[in-house]
$ cat work-v3.txt   # compact mmCIF, C-alpha atoms
# COMPACT_ATOMS: atom_id res chain seq x y z
CA MET A 1 -7.30 -3.78 12.76
CA PRO A 2 -3.77 -2.59 13.75
CA MET A 3 -3.16 1.11 13.12
CA LYS A 4 -0.07 0.37 10.96
CA PHE A 5 -2.08 -1.90 8.69
CA LEU A 6 -4.90 0.65 8.45
CA LEU A 7 -2.51 3.46 7.57
CA LEU A 8 -0.70 1.30 5.02
CA ILE A 9 -4.00 0.48 3.32
CA THR A 10 -5.01 4.16 3.40
CA VAL A 11 -1.74 5.35 1.89
CA SER A 12 -1.83 2.58 -0.71
CA PHE A 13 -5.30 3.56 -1.85
CA PHE A 14 -4.24 7.20 -1.82
CA LEU A 15 -1.33 6.33 -4.08
CA ILE A 16 -3.72 4.57 -6.47
CA GLY A 17 -5.83 7.70 -6.59
CA LEU A 18 -2.87 9.94 -7.39
CA THR A 19 -1.23 7.80 -10.06
CA SER A 20 -3.31 6.56 -12.97
CA ASP A 21 -3.22 2.85 -13.75
CA THR A 22 -1.14 3.27 -16.87
CA SER A 23 -1.08 -0.45 -17.54
CA ALA A 24 -4.86 -0.57 -17.79
CA GLN A 25 -5.09 0.73 -21.34
CA VAL A 26 -4.61 -1.95 -23.97
CA GLY A 27 -4.22 0.53 -26.81
CA ASP A 28 -1.33 2.52 -25.35
CA SER A 29 1.50 3.49 -27.64
CA LEU A 30 4.31 2.18 -25.45
CA ARG A 31 7.37 3.64 -27.18
CA LEU A 32 9.31 0.57 -26.10
CA GLY A 33 13.05 0.94 -26.19
CA HIS A 34 14.23 -2.48 -25.02
CA PHE A 35 11.24 -4.80 -25.33
CA GLN A 36 9.27 -6.28 -28.21
CA LYS A 37 5.71 -7.49 -27.79
CA SER A 38 5.53 -11.26 -28.06
CA LYS A 39 1.88 -12.13 -27.45
CA THR A 40 -1.24 -11.35 -25.45
CA ILE A 41 -2.76 -13.94 -23.13
CA THR A 42 -6.46 -14.07 -22.29
CA LEU A 43 -7.05 -15.83 -18.97
CA SER A 44 -9.81 -18.40 -19.45
CA ASP A 45 -11.27 -21.70 -18.27
CA PRO A 46 -12.12 -23.56 -21.50
CA ASN A 47 -12.02 -26.95 -19.77
CA GLY A 48 -14.56 -25.98 -17.12
CA ARG A 49 -12.34 -26.63 -14.09
CA LEU A 50 -14.45 -24.21 -12.05
CA SER A 51 -18.10 -24.85 -11.23
CA ASP A 52 -18.82 -21.16 -11.91
CA GLU A 53 -17.54 -18.75 -14.53
CA LEU A 54 -13.93 -17.60 -14.16
CA LEU A 55 -14.11 -14.02 -12.86
CA ILE A 56 -10.99 -12.10 -11.77
CA ALA A 57 -11.61 -8.73 -10.14
CA GLN A 58 -8.02 -7.43 -10.05
CA ILE A 59 -4.67 -9.18 -10.24
CA LYS A 60 -2.77 -8.35 -7.04
CA SER A 61 0.34 -10.42 -7.82
CA LEU A 62 1.74 -12.35 -10.75
CA ASP A 63 4.53 -14.93 -10.68
CA VAL A 64 5.93 -16.96 -13.58
CA ASP A 65 7.86 -20.24 -13.46
CA SER A 66 10.59 -21.43 -15.81
CA ASP A 67 7.98 -23.15 -18.02
CA GLY A 68 5.95 -19.97 -18.39
CA ARG A 69 3.08 -21.01 -16.13
CA LEU A 70 1.32 -18.10 -14.44
CA LEU A 71 0.44 -17.82 -10.76
CA VAL A 72 -2.21 -15.15 -10.16
CA THR A 73 -3.72 -13.78 -6.94
CA ASP A 74 -6.93 -11.75 -6.84
CA LEU A 75 -7.17 -10.04 -3.45
CA LEU A 76 -10.52 -8.37 -4.19
CA GLY A 77 -12.00 -11.65 -5.38
CA SER A 78 -10.32 -13.66 -2.56
CA GLN A 79 -8.93 -16.26 -4.94
CA ALA A 80 -5.71 -17.54 -6.52
CA PHE A 81 -5.21 -19.44 -9.78
CA LEU A 82 -2.60 -21.38 -11.72
CA PHE A 83 -2.63 -20.98 -15.53
CA ASP A 84 -0.62 -22.58 -18.31
CA PRO A 85 1.63 -20.39 -20.52
CA ASP A 86 -1.30 -19.66 -22.87
CA GLY A 87 -3.64 -18.50 -20.09
CA THR A 88 -5.71 -21.70 -19.73
CA LEU A 89 -6.73 -22.42 -16.15
CA LEU A 90 -4.93 -25.38 -14.61
CA ALA A 91 -6.07 -25.14 -10.99
CA SER A 92 -7.73 -22.96 -8.38
CA LEU A 93 -5.58 -22.74 -5.25
CA ASP A 94 -8.23 -23.68 -2.72
CA PRO A 95 -7.02 -24.38 0.86
CA SER A 96 -10.46 -25.55 1.96
CA TYR A 97 -9.54 -29.11 0.96
CA CYS A 98 -7.04 -29.31 3.83
CA HIS A 99 -8.31 -26.42 5.99
CA PRO A 100 -12.13 -26.29 5.76
CA GLY A 101 -13.64 -23.02 6.91
CA PHE A 102 -10.55 -20.81 6.76
CA GLU A 103 -10.90 -17.53 4.89
CA VAL A 104 -8.87 -17.10 1.71
CA ARG A 105 -7.54 -13.57 1.16
CA PRO A 106 -4.40 -14.08 -0.95
CA VAL A 107 -1.91 -11.22 -0.95
CA ASN A 108 0.83 -12.92 -2.93
CA ALA A 109 1.80 -16.33 -4.27
CA VAL A 110 5.21 -17.51 -5.49
CA PHE A 111 6.58 -20.62 -7.15
CA VAL A 112 9.12 -22.41 -4.95
CA GLY A 113 11.14 -23.76 -7.88
CA ASP A 114 9.36 -26.74 -9.38
CA GLN A 115 8.62 -28.15 -5.93
CA SER A 116 5.67 -26.23 -4.51
CA ILE A 117 3.71 -22.98 -4.28
CA PHE A 118 3.71 -20.65 -1.26
CA LEU A 119 0.57 -18.52 -0.85
CA ALA A 120 0.73 -15.55 1.52
CA ASN A 121 -2.75 -15.01 2.94
CA ALA A 122 -4.08 -11.97 4.80
CA GLY A 123 -5.21 -14.24 7.65
CA PRO A 124 -4.52 -16.99 8.57
CA TRP A 125 -1.06 -16.25 7.30
CA GLY A 126 -0.57 -18.68 4.47
CA TYR A 127 -0.91 -22.02 2.74
CA ARG A 128 1.32 -24.38 0.77
CA PHE A 129 0.39 -26.19 -2.43
CA THR A 130 2.03 -28.66 -4.75
CA SER A 131 3.40 -27.29 -8.01
CA GLU A 132 0.16 -28.52 -9.60
CA GLY A 133 -2.04 -26.59 -7.17
CA GLU A 134 -3.09 -29.27 -4.67
CA CYS A 135 -3.34 -28.16 -1.04
CA LEU A 136 -0.49 -29.32 1.23
CA GLY A 137 -1.41 -27.46 4.41
CA SER A 138 -0.66 -24.30 6.33
CA VAL A 139 2.72 -22.61 6.50
CA HIS A 140 5.07 -22.70 9.51
CA SER A 141 3.97 -20.83 12.65
CA ASP A 142 7.07 -18.58 12.34
CA TYR A 143 5.74 -16.98 9.19
CA THR A 144 4.21 -13.52 9.36
CA LEU A 145 2.73 -11.63 6.47
CA THR A 146 4.91 -9.01 4.84
CA MET A 147 2.84 -5.84 4.80
CA ALA A 148 3.60 -5.16 1.16
CA GLY A 149 3.52 -8.81 0.14
CA PHE A 150 7.16 -8.71 -0.98
CA LEU A 151 8.32 -12.32 -1.33
CA ASP A 152 10.79 -14.06 -3.61
CA VAL A 153 12.49 -17.45 -3.74
CA SER A 154 16.21 -18.11 -4.22
CA ASN A 155 17.56 -20.66 -6.69
CA GLN A 156 18.02 -23.09 -3.79
CA GLY A 157 14.40 -22.70 -2.65
CA THR A 158 14.98 -20.29 0.23
CA LEU A 159 11.93 -18.10 0.77
CA VAL A 160 12.87 -14.43 1.22
CA GLY A 161 10.62 -11.71 2.63
CA TYR A 162 11.04 -7.95 3.05
CA TYR A 163 9.69 -6.57 6.35
CA THR A 164 9.29 -3.11 7.88
CA HIS A 165 9.18 -2.53 11.65
CA LYS A 166 8.20 1.08 12.44
CA THR A 167 11.64 2.73 12.14
CA THR A 168 13.63 -0.24 10.81
CA SER A 169 13.39 -2.82 8.04
CA SER A 170 14.81 -6.28 7.48
CA VAL A 171 15.12 -9.21 5.09
CA ARG A 172 14.02 -12.59 6.44
CA LEU A 173 15.36 -15.85 5.04
CA MET A 174 12.96 -18.78 5.48
CA THR A 175 12.48 -22.41 4.61
CA THR A 176 9.95 -23.39 1.96
CA GLU A 177 7.42 -23.73 4.79
CA GLY A 178 8.08 -20.22 6.16
CA GLU A 179 10.27 -21.15 9.14
CA THR A 180 12.83 -18.41 9.90
CA ILE A 181 16.47 -19.19 9.06
CA ARG A 182 17.98 -15.74 9.51
CA GLU A 183 16.81 -12.13 9.80
CA ILE A 184 19.03 -9.45 8.28
CA ASP A 185 18.66 -5.87 9.52
CA LEU A 186 18.88 -3.22 6.81
CA PRO A 187 20.50 0.22 7.14
CA SER A 188 18.19 2.77 8.70
CA SER A 189 16.41 5.21 6.44
CA LYS A 190 16.50 8.99 6.74
CA PHE A 191 12.76 8.83 6.06
CA PRO A 192 11.63 5.86 8.17
CA ASN A 193 7.91 6.63 8.20
CA ALA A 194 7.65 6.91 4.42
CA SER A 195 9.77 3.77 4.02
CA ASP A 196 7.47 1.95 6.42
CA ARG A 197 4.16 3.02 4.92
CA ILE A 198 4.62 3.43 1.17
CA ASN A 199 3.81 0.07 -0.38
CA MET A 200 6.40 0.12 -3.16
CA GLY A 201 9.84 -1.33 -3.86
CA GLY A 202 10.60 -5.04 -3.51
CA ILE A 203 13.22 -7.77 -3.41
CA VAL A 204 14.94 -10.19 -5.78
CA ALA A 205 16.68 -13.36 -4.56
CA ASP A 206 19.07 -15.36 -6.72
CA GLN A 207 21.59 -18.10 -6.03
CA THR A 208 23.89 -16.05 -3.81
CA HIS A 209 22.36 -12.64 -3.05
CA VAL A 210 19.25 -10.67 -2.19
CA PHE A 211 18.67 -7.34 -3.96
CA VAL A 212 16.51 -4.88 -2.00
CA ALA A 213 14.74 -1.82 -3.39
CA ARG A 214 13.05 0.57 -0.94
CA ALA A 215 10.47 3.09 -2.13
CA VAL A 216 12.19 6.34 -1.10
CA GLU A 217 15.83 5.24 -1.09
CA ARG A 218 18.27 5.95 -3.92
CA ASP A 219 20.31 2.76 -3.81
CA ILE A 220 19.59 -0.89 -4.48
CA LEU A 221 21.23 -3.01 -1.77
CA LYS A 222 23.05 -6.22 -2.71
CA ILE A 223 23.20 -8.52 0.32
CA ASP A 224 24.92 -11.89 0.84
CA PHE A 225 22.85 -14.63 2.41
CA ASP A 226 25.06 -14.40 5.50
CA GLY A 227 23.79 -10.83 6.00
CA THR A 228 26.74 -8.86 4.63
CA ILE A 229 25.82 -5.86 2.50
CA GLU A 230 28.22 -6.45 -0.37
CA SER A 231 27.44 -3.27 -2.32
CA SER A 232 24.80 -0.73 -3.28
CA PHE A 233 24.14 0.90 -6.61
CA SER A 234 22.01 3.47 -8.42
CA HIS A 235 22.29 5.85 -11.35
CA ARG A 236 20.56 9.18 -10.86
CA THR A 237 20.00 11.78 -13.58
CA PRO A 238 18.16 15.13 -13.53
CA TRP A 239 14.96 13.18 -14.29
CA PHE A 240 14.92 11.86 -10.70
CA GLN A 241 13.50 13.91 -7.84
CA ASP A 242 14.57 12.92 -4.32
CA ILE A 243 12.34 12.95 -1.25
CA LYS A 244 12.64 16.11 0.85
CA GLU A 245 10.82 15.29 4.11
CA ASP A 246 9.18 12.40 5.92
CA ILE A 247 5.50 11.76 6.63
CA PRO A 248 4.00 11.65 10.18
CA ALA A 249 5.07 8.93 12.61
CA ALA A 250 3.41 5.53 12.81
CA ASN A 251 1.37 6.46 15.89
CA SER A 252 -0.14 9.56 14.27
CA THR A 253 -3.93 9.76 14.34
CA ASP A 254 -4.13 12.92 12.22
CA MET A 255 -5.20 11.33 8.97
CA ALA A 256 -5.57 14.71 7.25
CA ALA A 257 -1.94 15.55 7.95
CA LEU A 258 -0.91 12.08 6.77
CA MET A 259 -2.75 12.54 3.49
CA ARG A 260 -1.25 15.96 2.91
CA ALA A 261 2.27 14.69 3.59
CA ALA A 262 1.77 11.59 1.46
CA GLY A 263 0.32 13.64 -1.36
CA LYS A 264 3.32 15.95 -1.26
CA ILE A 265 5.71 13.00 -1.55
CA PHE A 266 3.81 11.40 -4.44
CA ALA A 267 3.61 14.75 -6.28
CA SER A 268 7.28 15.69 -5.86
CA THR A 269 9.31 12.49 -5.44
CA THR A 270 10.53 9.74 -7.77
CA LEU A 271 9.67 6.50 -5.98
CA THR A 272 11.12 3.07 -6.68
CA SER A 273 8.02 1.02 -7.49
CA GLU A 274 9.29 -2.50 -8.39
CA ILE A 275 12.38 -4.61 -8.87
CA PHE A 276 12.62 -7.74 -11.07
CA GLU A 277 15.24 -10.31 -11.99
CA LEU A 278 14.85 -9.84 -15.74
CA THR A 279 17.53 -12.44 -16.57
CA ASP A 280 20.08 -14.35 -14.51
CA LYS A 281 22.46 -11.43 -15.09
CA ILE A 282 20.20 -8.36 -15.21
CA ILE A 283 18.15 -6.54 -12.56
CA MET A 284 15.27 -4.30 -13.70
CA VAL A 285 14.21 -1.39 -11.47
CA GLN A 286 11.02 0.59 -12.12
CA TYR A 287 10.12 4.11 -10.95
CA ARG A 288 7.06 6.33 -10.62
CA GLY A 289 7.02 10.04 -10.00
CA PRO A 290 6.06 13.54 -11.12
CA LYS A 291 7.78 12.96 -14.48
CA ASP A 292 5.79 9.78 -15.23
CA ASN A 293 7.27 6.26 -15.09
CA GLY A 294 10.62 4.81 -16.04
CA TYR A 295 12.99 1.89 -15.66
CA GLN A 296 16.69 1.14 -15.50
CA LEU A 297 18.51 -2.11 -16.24
CA PHE A 298 21.61 -2.99 -14.20
CA THR A 299 24.01 -5.88 -14.21
CA LYS A 300 24.12 -7.66 -10.86
CA GLU A 301 27.42 -5.89 -10.26
CA GLY A 302 25.56 -2.56 -10.40
CA LEU A 303 26.56 -1.39 -13.90
CA LEU A 304 23.81 0.54 -15.72
CA ILE A 305 23.28 -0.97 -19.16
CA ALA A 306 20.02 0.65 -20.32
CA GLU A 307 17.23 2.97 -19.22
CA GLN A 308 14.00 4.50 -20.43
CA LEU A 309 12.60 7.38 -18.37
CA GLY A 310 9.46 9.49 -18.74
CA VAL A 311 7.04 6.93 -20.18
CA LYS A 312 3.34 6.29 -19.52
CA TYR A 313 3.54 2.56 -18.82
CA ASP A 314 5.11 0.07 -16.47
CA PHE A 315 5.39 -3.71 -16.18
CA ASP A 316 3.92 -5.97 -13.51
CA GLN A 317 6.50 -8.75 -13.64
CA GLY A 318 9.83 -9.54 -15.25
CA LYS A 319 11.42 -13.00 -15.43
CA HIS A 320 13.34 -15.29 -17.78
CA GLY A 321 13.96 -12.50 -20.30
CA LEU A 322 10.27 -11.53 -20.52
CA THR A 323 8.18 -8.75 -19.03
CA TYR A 324 4.47 -9.03 -18.26
CA ARG A 325 1.93 -6.22 -18.36
CA ILE A 326 -1.57 -6.66 -16.95
CA THR A 327 -4.25 -4.81 -18.90
CA GLN A 328 -7.98 -4.40 -18.45
CA LEU A 329 -10.77 -4.19 -21.03
CA GLY A 330 -9.89 -2.49 -24.29
CA ASP A 331 -10.99 -2.18 -27.89
CA GLU A 332 -8.56 -4.82 -29.14
CA ILE A 333 -9.66 -7.67 -26.86
CA GLU A 334 -13.09 -8.65 -25.62
CA SER A 335 -12.61 -10.17 -22.17
CA ILE A 336 -14.34 -9.78 -18.84
CA ASN A 337 -11.06 -10.64 -17.11
CA PRO A 338 -7.68 -8.89 -17.15
CA VAL A 339 -5.42 -9.94 -19.99
CA ILE A 340 -1.63 -10.18 -19.92
CA GLU A 341 0.68 -8.73 -22.56
CA ILE A 342 4.09 -10.40 -22.81
CA TYR A 343 7.20 -8.62 -24.10
CA ARG A 344 10.57 -10.12 -24.96
CA PHE A 345 13.71 -8.36 -23.77
CA ILE A 346 16.00 -7.12 -26.52
CA GLU A 347 19.64 -7.08 -25.45
CA PRO A 348 21.01 -3.48 -25.73

$ encode --input "work-v3.txt" --output "structure tokens"
Amino acid sequence: MPMKFLLLITVSFFLIGLTSDTSAQVGDSLRLGHFQKSKTITLSDPNGRLSDELLIAQIKSLDVDSDGRLLVTDLLGSQAFLFDPDGTLLASLDPSYCHPGFEVRPVNAVFVGDQSIFLANAGPWGYRFTSEGECLGSVHSDYTLTMAGFLDVSNQGTLVGYYTHKTTSSVRLMTTEGETIREIDLPSSKFPNASDRINMGGIVADQTHVFVARAVERDILKIDFDGTIESSFSHRTPWFQDIKEDIPAANSTDMAALMRAAGKIFASTTLTSEIFELTDKIIMVQYRGPKDNGYQLFTKEGLLIAEQLGVKYDFDQGKHGLTYRITQLGDEIESINPVIEIYRFIEP
């Protein structure tokens, strides 16, 4: 296994150990400022589409299409599923029908409009499915897995990935099959090792731009599809704590020093954890740090319109004016599988 991949996994698990899974408690008092709970979905297979019982170990990624259908990957369980808006299983994304014998280890899956589904696999590197979950075949040979699984799809169907390369990072524009159209280099980071290894941040692609959030950087980058960085934006208050120093270089074999440095960052730094396109006009940015979690809502021009900082929860997806929060077992719901709470955005 490549050293970079090993270190990324190690740091990721270390991060999990340092920050509690605040979205795992169904009974949390959320103190929501800009969202109202709409419903809770229990993922199930009432129509018996699977030969065995539906069992989901842990949801690694969640995507939602314009009709509210849910695309779920379970990395630990090596499986991916398509559900209807009420959580009823529609299909299991099984590439064995067109690629018998290949191992399925899904890292992420995204809807490519209403045309198809792109599944990023840990190896081989991916598969394509119809929008109904039928296997179409493997992805283009150009495609390589994004280490953090950060993928999005533009309104025109362009697949967009965020990549790190030791001391640099880039955004790759691809066809729906994963063939490279253009690679856009991003500005260098003052903390390249932390940017490379900390599995947080993300991208949002819309009709004309890509928005990039990097874990240890202050600003969100707004980039034209031709590669021009049009602007950057952020809004920092005393609640935020900036990174002070980097972690060891990518070729370091001193795991103890790596853990100490990573632990120092996680204990003292506000990290950008996710970015979502909440509506066609609003970007949602989430943070984790020593003062708990928080989020800010920006217009796509970079104007801050709302924020809530210092809370115990976060969301796992945001699209079409809704946010989605994955929860585990709790007193309110009896389910062996994760359940999904859905919240409707309230315009400030």

$ atom_distance --input "work-v3.txt" --atom1 "CA of Ile243 in chain A" --atom2 "CA of Ser268 in chain A"
7.4 Å

$ atom_distance --input "work-v3.txt" --atom1 "CA of Ala91 in chain A" --atom2 "CA of Ile41 in chain A"
16.8 Å

$ residues_around --input "work-v3.txt" --residues "range 42-51 of chain A" --least-positions-apart "2" --cutoff "6 Å" --atoms "only C-alpha atoms" --output "list of chain:residue names"
A:Gly87, A:Thr88, A:Leu89, A:Val339

$ residues_around --input "work-v3.txt" --residues "Cys135 in chain A" --least-positions-apart "3" --cutoff "9 Å" --atoms "all atoms listed in the file" --output "JSON, numbers by chain"
{"A": [93, 94, 95, 96, 97, 98, 99, 127, 128, 129, 130, 138]}

$ atom_distance --input "work-v3.txt" --atom1 "CA of Tyr162 in chain A" --atom2 "CA of Ile282 in chain A"
20.4 Å

$ residues_around --input "work-v3.txt" --residues "Ser188 in chain A" --least-positions-apart "6" --cutoff "8 Å" --atoms "all atoms listed in the file" --output "PyMOL selection string"
chain A and resi 167-169

$ closest_residue --input "work-v3.txt" --among "A:Ile220, A:Asp254, A:Thr279, A:Trp239" --to "Glu307 in chain A" --atoms "only C-alpha atoms"
A:Trp239

$ decode --input "work-v3.txt" --residues "range 49-81 of chain A" --atoms "N, CA and C atoms" --output "tab-separated table (two decimals), in the first residue's frame"
chain	number	residue	atom	x	y	z
A	49	ARG	N	-35.66	-6.77	-2.37
A	49	ARG	CA	-34.80	-6.72	-3.56
A	49	ARG	C	-33.47	-7.45	-3.33
A	50	LEU	N	-33.05	-7.55	-2.07
A	50	LEU	CA	-31.82	-8.27	-1.75
A	50	LEU	C	-32.16	-9.69	-1.33
A	51	SER	N	-31.26	-10.62	-1.62
A	51	SER	CA	-31.47	-12.00	-1.19
A	51	SER	C	-31.26	-12.16	0.30
A	52	ASP	N	-30.42	-11.28	0.88
A	52	ASP	CA	-30.19	-11.28	2.33
A	52	ASP	C	-30.75	-10.00	2.93
A	53	GLU	N	-30.70	-9.92	4.24
A	53	GLU	CA	-31.20	-8.74	4.94
A	53	GLU	C	-30.33	-7.52	4.61
A	54	LEU	N	-30.98	-6.36	4.48
A	54	LEU	CA	-30.26	-5.11	4.25
A	54	LEU	C	-29.49	-4.74	5.51
A	55	LEU	N	-28.17	-4.71	5.41
A	55	LEU	CA	-27.32	-4.34	6.54
A	55	LEU	C	-26.30	-3.31	6.06
A	56	ILE	N	-26.30	-2.14	6.67
A	56	ILE	CA	-25.37	-1.06	6.31
A	56	ILE	C	-24.49	-0.80	7.52
A	57	ALA	N	-23.17	-1.00	7.35
A	57	ALA	CA	-22.25	-0.83	8.47
A	57	ALA	C	-22.06	0.64	8.81
A	58	GLN	N	-21.70	1.45	7.81
A	58	GLN	CA	-21.48	2.88	8.03
A	58	GLN	C	-21.58	3.61	6.70
A	59	ILE	N	-22.36	4.64	6.63
A	59	ILE	CA	-22.51	5.40	5.40
A	59	ILE	C	-21.28	6.28	5.20
A	60	LYS	N	-20.53	5.99	4.12
A	60	LYS	CA	-19.32	6.76	3.81
A	60	LYS	C	-19.68	8.01	3.02
A	61	SER	N	-20.62	7.90	2.08
A	61	SER	CA	-21.02	9.08	1.30
A	61	SER	C	-22.51	9.01	1.03
A	62	LEU	N	-23.09	10.19	0.85
A	62	LEU	CA	-24.52	10.32	0.58
A	62	LEU	C	-24.72	11.38	-0.49
A	63	ASP	N	-25.40	11.02	-1.58
A	63	ASP	CA	-25.76	11.99	-2.59
A	63	ASP	C	-27.27	11.95	-2.79
A	64	VAL	N	-27.82	13.06	-3.26
A	64	VAL	CA	-29.27	13.20	-3.41
A	64	VAL	C	-29.55	13.80	-4.78
A	65	ASP	N	-30.50	13.24	-5.54
A	65	ASP	CA	-30.82	13.84	-6.83
A	65	ASP	C	-32.00	14.80	-6.69
A	66	SER	N	-32.40	15.40	-7.80
A	66	SER	CA	-33.44	16.43	-7.76
A	66	SER	C	-34.80	15.87	-7.36
A	67	ASP	N	-34.98	14.55	-7.48
A	67	ASP	CA	-36.23	13.92	-7.06
A	67	ASP	C	-36.20	13.44	-5.61
A	68	GLY	N	-35.06	13.63	-4.95
A	68	GLY	CA	-34.94	13.21	-3.56
A	68	GLY	C	-34.46	11.79	-3.37
A	69	ARG	N	-34.09	11.10	-4.45
A	69	ARG	CA	-33.56	9.75	-4.30
A	69	ARG	C	-32.18	9.81	-3.63
A	70	LEU	N	-31.85	8.78	-2.89
A	70	LEU	CA	-30.63	8.76	-2.08
A	70	LEU	C	-29.66	7.73	-2.63
A	71	LEU	N	-28.40	8.15	-2.77
A	71	LEU	CA	-27.33	7.28	-3.23
A	71	LEU	C	-26.35	7.13	-2.06
A	72	VAL	N	-26.20	5.90	-1.58
A	72	VAL	CA	-25.47	5.63	-0.34
A	72	VAL	C	-24.32	4.67	-0.62
A	73	THR	N	-23.12	4.98	-0.11
A	73	THR	CA	-22.02	4.03	-0.15
A	73	THR	C	-21.65	3.61	1.27
A	74	ASP	N	-21.32	2.34	1.40
A	74	ASP	CA	-20.93	1.75	2.68
A	74	ASP	C	-19.56	1.12	2.46
A	75	LEU	N	-18.49	1.87	2.79
A	75	LEU	CA	-17.14	1.39	2.55
A	75	LEU	C	-16.83	0.16	3.40
A	76	LEU	N	-17.23	0.18	4.67
A	76	LEU	CA	-16.95	-0.96	5.54
A	76	LEU	C	-17.67	-2.21	5.07
A	77	GLY	N	-18.89	-2.04	4.57
A	77	GLY	CA	-19.66	-3.18	4.09
A	77	GLY	C	-19.41	-3.50	2.63
A	78	SER	N	-18.57	-2.71	1.95
A	78	SER	CA	-18.24	-2.91	0.52
A	78	SER	C	-19.50	-3.00	-0.34
A	79	GLN	N	-20.36	-1.99	-0.23
A	79	GLN	CA	-21.61	-2.01	-0.97
A	79	GLN	C	-22.11	-0.58	-1.22
A	80	ALA	N	-22.98	-0.45	-2.21
A	80	ALA	CA	-23.59	0.84	-2.53
A	80	ALA	C	-25.04	0.61	-2.91
A	81	PHE	N	-25.93	1.54	-2.52
A	81	PHE	CA	-27.36	1.35	-2.71
A	81	PHE	C	-28.02	2.61	-3.23
